[in-house]
Amino acid sequence: MYDEELLERGLHPRFRGEIPGVEPIKLLNASCGDEILVYLKVSDGKILDGKWNGNGCAISLASADFFIESVVGKSLDEAKMFTREFSKMILSEKYDEKKIGAAKAMKCVSRMPARAKCAKLALKSLDMI
Amino acid sequence: MREIYFDNAATMMKYREAIEAEKNFYREVNANPLRGLYKKSVQATTGVNETRKAILELAKADKSYTVIFSRGTTEALNMVANGLVLGRDGFGVVSKSAKVVVDIESHHSNILPWKQRYKNVVMAKKLDAKELFAAEVICLTGVSNVTGQDFSKRIKIVRKTCPKAILGVDAAQMLGHTRIDIKRLGADFMAFSGHKFGAPMGIGGLIIKKKLAEKLRPLNFGGEMVDSVSVDGEPVFAEIPERLEAGTLSVGAIFGLFEAAKISKRNLYEFRCEDVIYGSVGDYVSELIRETADGLKKTKGVKVLAANGGIVTFQVKGVHPHDVAQILADEGIAVRAGWLCAEPFLRYKGWGPVVRASLSEFNTEVEVEKFLDIIEKIRVKMGVENV
Ligand SMILES: Cc1ncc(COP(=O)(O)O)c(C=O)c1O
């Protein structure tokens with residue numbers, strides 16, 4: 001089943017909330033009914049702050065939280081590097097573990113191919129900025 | 001670990017007879033129907049025509065109906081939605097601005113084909129006189145894939161309200177599962193999928209009034225649907241049903257479909273005592289569903305939304321349906337979760353995504369017990385027992 005850490009993170013997220021004055025990016029997982037809002041405060045190509053809010057399955061919620069944790073403080077390019085490695089991990093491809101950090105708790109999703117889109121939902125916000 | 005399969009509404013567990021028939025077709029016959037003059041081709045043609053008859057019998061359809069084969073319900077509905085539009089080629093019956101009514105319970109495949117072709121598609125919530133007013137085409141769910149509810153009565157009433165409209169039924173969950181009398185339903189066409197009642201995937205079709213089928217524009221053009229083709233002149237199209245079945249059909253699957261239709265008919269109209277402990281197969285499955293629903297209702301934090309026919313739909317408080325399905329999957333139980341290809345309906349009901357367990361005659365009480373056992377532990381496992 002799910003990694004304990006994943007479950008724990010989904011139940012008690014650390015980065016749930018909103019950032020006043022930041023337009024949220026809305027992400028939908030049509031087949032599940034997941035709806036995640038991602039708030040990214042970006043200035044000069046750097047992610048200064050991030051939060052997320054919404055509803056979804058344990059995987060999409062935990063992954064949103066790990067995503068925010070992993071990208072805040074990074075440049076957009078670095079953040080994209082993270083999402084690339086993260087996606088590879090989820091899709092059971094070769095990936096650079098050093099770049100994943102705490103989000104390695106999501107590795108268990110790699111044996112649930114149908115759930116890859118849940119794990120990648122919040123990540124898509126980077127391409128929509 | 002042998003998987004417990006509770007996703008029969010997505011695709012039913014297959015009859016051994018149907019699998020054997022498909023396999024044997026390729027081993028022993030393997031010829032195109034219709035054109036060949038040799039024995040095996042004739043055998044293929046005979047098999048295809050016998051299957052048409054078996055399907056007609058399953059819906060109690062008389063000689064005014066025929067069967068057009070397709071890949072399944074989706075393709076069959078597209079065939080009608082597309083084929084009904086009047087064109088300069090002489091095919092079609094209604095204009096693009098015709099009012100089309102489908103029910104809110106509809107599966108996406110009874111919504112999108114219509115929305116693609118017509119400007120005025122109404123998703124009716126009550127199917128009252130107002131919603132049905134001036135409808136030229138009406139296509140309704142036979143049995144809901146979300147709730148398992150059988151809408152036969154409602155279809156008959158709609159037919160009375162709208163005697164002139166072209167009335168269709170999405171019978172994906174209906175054919176082979178309930179006793180159908182297509183004439184009494186008043187349906188002009190009915191779309192079905194073999195794989196939903198124990199036949200191979202890739203075969204299904206339309207049971208349709210011949211008079212209506214004559215007017216449909218073929219979805220595909222090519223071999224088998226034409227009698228004469230010249231370099232310059234207009235082609236001479238074949239008669240129905242062949243005109244609407246361009247290309248080589250999935251004949252092995254059709255041979256399998258024949259067996260499934262035969263077994264379903266026996267299940268619906270006779271008892272099948274060698275496999276089943278009591279009553280007809282329908283009773284057996286309903287009894288399993290009742291047990292499942294009762295067990296779920298007794299489980300803390302579980303809400304049963306619907307339980308009919310072979311389907312129980314439910315939610316577990318604090319746990320997303322996909323997480324419920326994932327936990328069950330890890331324990332070797334297959335169920336379906338999410339929008340069930342009926343997003344407008346689930347939104348209309350205010351339910352959102354759900355979990356669906358759908359059973360068939362191949363399931364047992366022991367399986368139901370194991371399923372209930374796991375459901376009982378889910379909230380603890382996910383750490384939400386106090387939510
Ligand atoms: C009510 C209903 N209509 C249509 C379909 C589509 O059937 P198919 O995928 O075989 O074309 C299904 C199956 O998912 C269904 O349950």
# chains A, B, ... in the order shown; residues from 1 in each chain; ligands from 1

$ interface_residues --of "chain B" --to "chain A" --cutoff "8 Å" --atoms "only C-alpha atoms" --output "PyMOL selection string"
chain B and resi 319-323+326-327+330+337-339+341+352-353+382-383

$ write_last_selection --atoms "N, CA and C atoms" --output "mmCIF file, in the first residue's frame"
data_model
loop_
_atom_site.group_PDB
_atom_site.id
_atom_site.type_symbol
_atom_site.label_atom_id
_atom_site.label_comp_id
_atom_site.auth_asym_id
_atom_site.auth_seq_id
_atom_site.Cartn_x
_atom_site.Cartn_y
_atom_site.Cartn_z
ATOM 1 N N VAL B 319 -12.185 9.185 3.046
ATOM 2 C CA VAL B 319 -11.248 8.494 2.148
ATOM 3 C C VAL B 319 -11.707 8.699 0.704
ATOM 4 N N HIS B 320 -10.804 9.201 -0.108
ATOM 5 C CA HIS B 320 -11.137 9.431 -1.515
ATOM 6 C C HIS B 320 -11.435 8.094 -2.200
ATOM 7 N N PRO B 321 -12.438 8.064 -3.082
ATOM 8 C CA PRO B 321 -12.793 6.810 -3.764
ATOM 9 C C PRO B 321 -11.601 6.088 -4.398
ATOM 10 N N HIS B 322 -10.664 6.863 -4.943
ATOM 11 C CA HIS B 322 -9.520 6.186 -5.561
ATOM 12 C C HIS B 322 -8.621 5.525 -4.530
ATOM 13 N N ASP B 323 -8.595 6.086 -3.334
ATOM 14 C CA ASP B 323 -7.818 5.446 -2.273
ATOM 15 C C ASP B 323 -8.512 4.169 -1.803
ATOM 16 N N GLN B 326 -7.738 1.679 -4.337
ATOM 17 C CA GLN B 326 -6.333 1.276 -4.282
ATOM 18 C C GLN B 326 -6.104 0.258 -3.159
ATOM 19 N N ILE B 327 -6.704 0.520 -2.019
ATOM 20 C CA ILE B 327 -6.545 -0.410 -0.889
ATOM 21 C C ILE B 327 -7.153 -1.762 -1.257
ATOM 22 N N ASP B 330 -4.883 -3.560 -3.607
ATOM 23 C CA ASP B 330 -3.729 -4.158 -2.931
ATOM 24 C C ASP B 330 -4.107 -5.447 -2.215
ATOM 25 N N ALA B 337 -13.578 3.205 -9.367
ATOM 26 C CA ALA B 337 -13.812 4.427 -8.607
ATOM 27 C C ALA B 337 -13.657 5.637 -9.494
ATOM 28 N N GLY B 338 -14.324 6.714 -9.140
ATOM 29 C CA GLY B 338 -14.214 7.961 -9.881
ATOM 30 C C GLY B 338 -15.568 8.409 -10.391
ATOM 31 N N TRP B 339 -15.577 8.927 -11.604
ATOM 32 C CA TRP B 339 -16.817 9.459 -12.185
ATOM 33 C C TRP B 339 -17.621 8.396 -12.922
ATOM 34 N N CYS B 341 -17.570 7.404 -15.874
ATOM 35 C CA CYS B 341 -18.019 7.866 -17.199
ATOM 36 C C CYS B 341 -19.430 8.440 -17.158
ATOM 37 N N GLY B 352 -20.385 13.569 -6.341
ATOM 38 C CA GLY B 352 -18.960 13.592 -6.670
ATOM 39 C C GLY B 352 -18.512 12.187 -6.996
ATOM 40 N N PRO B 353 -17.196 11.965 -7.000
ATOM 41 C CA PRO B 353 -16.694 10.634 -7.346
ATOM 42 C C PRO B 353 -17.129 9.563 -6.326
ATOM 43 N N MET B 382 -6.274 4.309 6.815
ATOM 44 C CA MET B 382 -5.981 5.629 6.262
ATOM 45 C C MET B 382 -5.865 6.676 7.370
ATOM 46 N N GLY B 383 -6.026 6.266 8.606
ATOM 47 C CA GLY B 383 -5.877 7.205 9.725
ATOM 48 C C GLY B 383 -7.011 8.201 9.853
#

$ select_by_dssp --residues "chain A" --states "strand (DSSP E)" --output "PyMOL selection string"
chain A and resi 25-29+34-43+46-55

$ write_last_selection --atoms "C-alpha atoms" --output "PDB file, in the first residue's frame"
ATOM      1  CA  ILE A  25      -3.393  27.860 -10.805  1.00  0.00           C
ATOM      2  CA  LYS A  26      -6.287  25.434 -11.049  1.00  0.00           C
ATOM      3  CA  LEU A  27      -5.552  21.798 -11.777  1.00  0.00           C
ATOM      4  CA  LEU A  28      -8.195  19.203 -12.445  1.00  0.00           C
ATOM      5  CA  ASN A  29      -7.974  15.468 -12.634  1.00  0.00           C
ATOM      6  CA  ASP A  34      -9.520  15.971  -7.933  1.00  0.00           C
ATOM      7  CA  GLU A  35      -9.273  19.740  -7.807  1.00  0.00           C
ATOM      8  CA  ILE A  36      -6.052  21.344  -6.669  1.00  0.00           C
ATOM      9  CA  LEU A  37      -5.260  25.046  -6.521  1.00  0.00           C
ATOM     10  CA  VAL A  38      -1.576  25.901  -6.536  1.00  0.00           C
ATOM     11  CA  TYR A  39      -0.329  29.312  -5.372  1.00  0.00           C
ATOM     12  CA  LEU A  40       3.178  30.186  -6.482  1.00  0.00           C
ATOM     13  CA  LYS A  41       4.713  33.543  -5.702  1.00  0.00           C
ATOM     14  CA  VAL A  42       7.322  34.039  -8.380  1.00  0.00           C
ATOM     15  CA  SER A  43       9.680  36.964  -8.755  1.00  0.00           C
ATOM     16  CA  LYS A  46      12.518  32.477  -8.443  1.00  0.00           C
ATOM     17  CA  ILE A  47       9.760  30.808  -6.428  1.00  0.00           C
ATOM     18  CA  LEU A  48       9.577  32.833  -3.241  1.00  0.00           C
ATOM     19  CA  ASP A  49       6.592  31.165  -1.655  1.00  0.00           C
ATOM     20  CA  GLY A  50       4.088  28.428  -2.381  1.00  0.00           C
ATOM     21  CA  LYS A  51       0.851  26.949  -1.031  1.00  0.00           C
ATOM     22  CA  TRP A  52      -1.845  24.642  -2.289  1.00  0.00           C
ATOM     23  CA  ASN A  53      -5.457  23.942  -1.508  1.00  0.00           C
ATOM     24  CA  GLY A  54      -8.151  21.608  -2.728  1.00  0.00           C
ATOM     25  CA  ASN A  55      -9.564  18.127  -2.643  1.00  0.00           C
TER      26      ASN A  55
END

$ closest_residue --among "B:Leu77, B:Leu56, B:Ala21, B:Ile138" --to "ligand 1" --atoms "only C-alpha atoms and all ligand atoms"
B:Leu77

$ atom_distance --atom1 "atom CA of B:Lys99" --atom2 "atom CA of B:Lys125"
15.5 Å

$ residues_near_ligand --ligand "ligand 1" --cutoff "6 Å" --atoms "only C-alpha atoms and all ligand atoms" --output "PDB file with N, CA, C and O atoms, in the first residue's frame"
ATOM      1  N   ALA B  10     -17.938  -2.785 -15.761  1.00  0.00           N
ATOM      2  CA  ALA B  10     -16.977  -2.254 -16.726  1.00  0.00           C
ATOM      3  C   ALA B  10     -16.826  -3.263 -17.856  1.00  0.00           C
ATOM      4  O   ALA B  10     -17.015  -2.937 -19.023  1.00  0.00           O
ATOM      5  N   GLY B  72     -19.058  -1.889 -30.357  1.00  0.00           N
ATOM      6  CA  GLY B  72     -19.757  -1.894 -29.074  1.00  0.00           C
ATOM      7  C   GLY B  72     -20.752  -0.764 -29.015  1.00  0.00           C
ATOM      8  O   GLY B  72     -21.095  -0.160 -30.039  1.00  0.00           O
ATOM      9  N   THR B  73     -21.194  -0.452 -27.813  1.00  0.00           N
ATOM     10  CA  THR B  73     -22.212   0.578 -27.610  1.00  0.00           C
ATOM     11  C   THR B  73     -21.754   1.940 -28.128  1.00  0.00           C
ATOM     12  O   THR B  73     -22.501   2.625 -28.823  1.00  0.00           O
ATOM     13  N   THR B  74     -20.546   2.322 -27.775  1.00  0.00           N
ATOM     14  CA  THR B  74     -20.051   3.647 -28.161  1.00  0.00           C
ATOM     15  C   THR B  74     -20.119   3.825 -29.672  1.00  0.00           C
ATOM     16  O   THR B  74     -20.647   4.811 -30.182  1.00  0.00           O
ATOM     17  N   HIS B 107     -24.358   7.707 -19.650  1.00  0.00           N
ATOM     18  CA  HIS B 107     -22.922   7.449 -19.760  1.00  0.00           C
ATOM     19  C   HIS B 107     -22.375   8.454 -20.775  1.00  0.00           C
ATOM     20  O   HIS B 107     -23.093   8.878 -21.676  1.00  0.00           O
ATOM     21  N   SER B 109     -20.812   8.106 -23.289  1.00  0.00           N
ATOM     22  CA  SER B 109     -20.948   7.696 -24.686  1.00  0.00           C
ATOM     23  C   SER B 109     -22.370   7.876 -25.209  1.00  0.00           C
ATOM     24  O   SER B 109     -22.617   7.694 -26.392  1.00  0.00           O
ATOM     25  N   SER B 144     -28.729   1.977 -15.549  1.00  0.00           N
ATOM     26  CA  SER B 144     -27.636   2.892 -15.205  1.00  0.00           C
ATOM     27  C   SER B 144     -26.384   2.135 -14.797  1.00  0.00           C
ATOM     28  O   SER B 144     -26.458   1.192 -14.010  1.00  0.00           O
ATOM     29  N   ASN B 145     -25.236   2.574 -15.305  1.00  0.00           N
ATOM     30  CA  ASN B 145     -23.976   1.943 -14.899  1.00  0.00           C
ATOM     31  C   ASN B 145     -23.494   2.500 -13.560  1.00  0.00           C
ATOM     32  O   ASN B 145     -22.496   2.050 -13.033  1.00  0.00           O
ATOM     33  N   ASP B 170     -29.677   3.153 -24.660  1.00  0.00           N
ATOM     34  CA  ASP B 170     -28.322   2.686 -24.404  1.00  0.00           C
ATOM     35  C   ASP B 170     -28.459   1.446 -23.536  1.00  0.00           C
ATOM     36  O   ASP B 170     -28.705   1.540 -22.335  1.00  0.00           O
ATOM     37  N   ALA B 172     -26.210  -0.878 -22.898  1.00  0.00           N
ATOM     38  CA  ALA B 172     -24.923  -1.482 -22.545  1.00  0.00           C
ATOM     39  C   ALA B 172     -25.033  -2.327 -21.276  1.00  0.00           C
ATOM     40  O   ALA B 172     -24.473  -3.412 -21.191  1.00  0.00           O
ATOM     41  N   GLN B 173     -25.759  -1.817 -20.290  1.00  0.00           N
ATOM     42  CA  GLN B 173     -25.880  -2.554 -19.021  1.00  0.00           C
ATOM     43  C   GLN B 173     -27.170  -3.351 -18.975  1.00  0.00           C
ATOM     44  O   GLN B 173     -27.506  -3.931 -17.940  1.00  0.00           O
ATOM     45  N   SER B 193     -23.175  -3.781 -25.988  1.00  0.00           N
ATOM     46  CA  SER B 193     -21.791  -4.263 -26.024  1.00  0.00           C
ATOM     47  C   SER B 193     -21.761  -5.705 -25.545  1.00  0.00           C
ATOM     48  O   SER B 193     -22.218  -5.993 -24.440  1.00  0.00           O
TER      49      SER B 193
END

$ select_by_dssp --residues "stretch 265-370 of chain B" --states "helix (DSSP H, G or I)" --output "ChimeraX atom specification"
/B:265-269,281-298,321-330,343-348,365-370

$ residues_around --residues "B:Ala129" --least-positions-apart "4" --cutoff "9 Å" --atoms "only C-alpha atoms" --output "PyMOL selection string"
chain B and resi 133+158+161-162

$ atom_distance --atom1 "atom CA of B:Met12" --atom2 "atom CA of B:Ser360"
7.1 Å

$ residues_around --residues "A:Asp65" --least-positions-apart "6" --cutoff "7 Å" --atoms "only C-alpha atoms" --output "count of residues only"
3
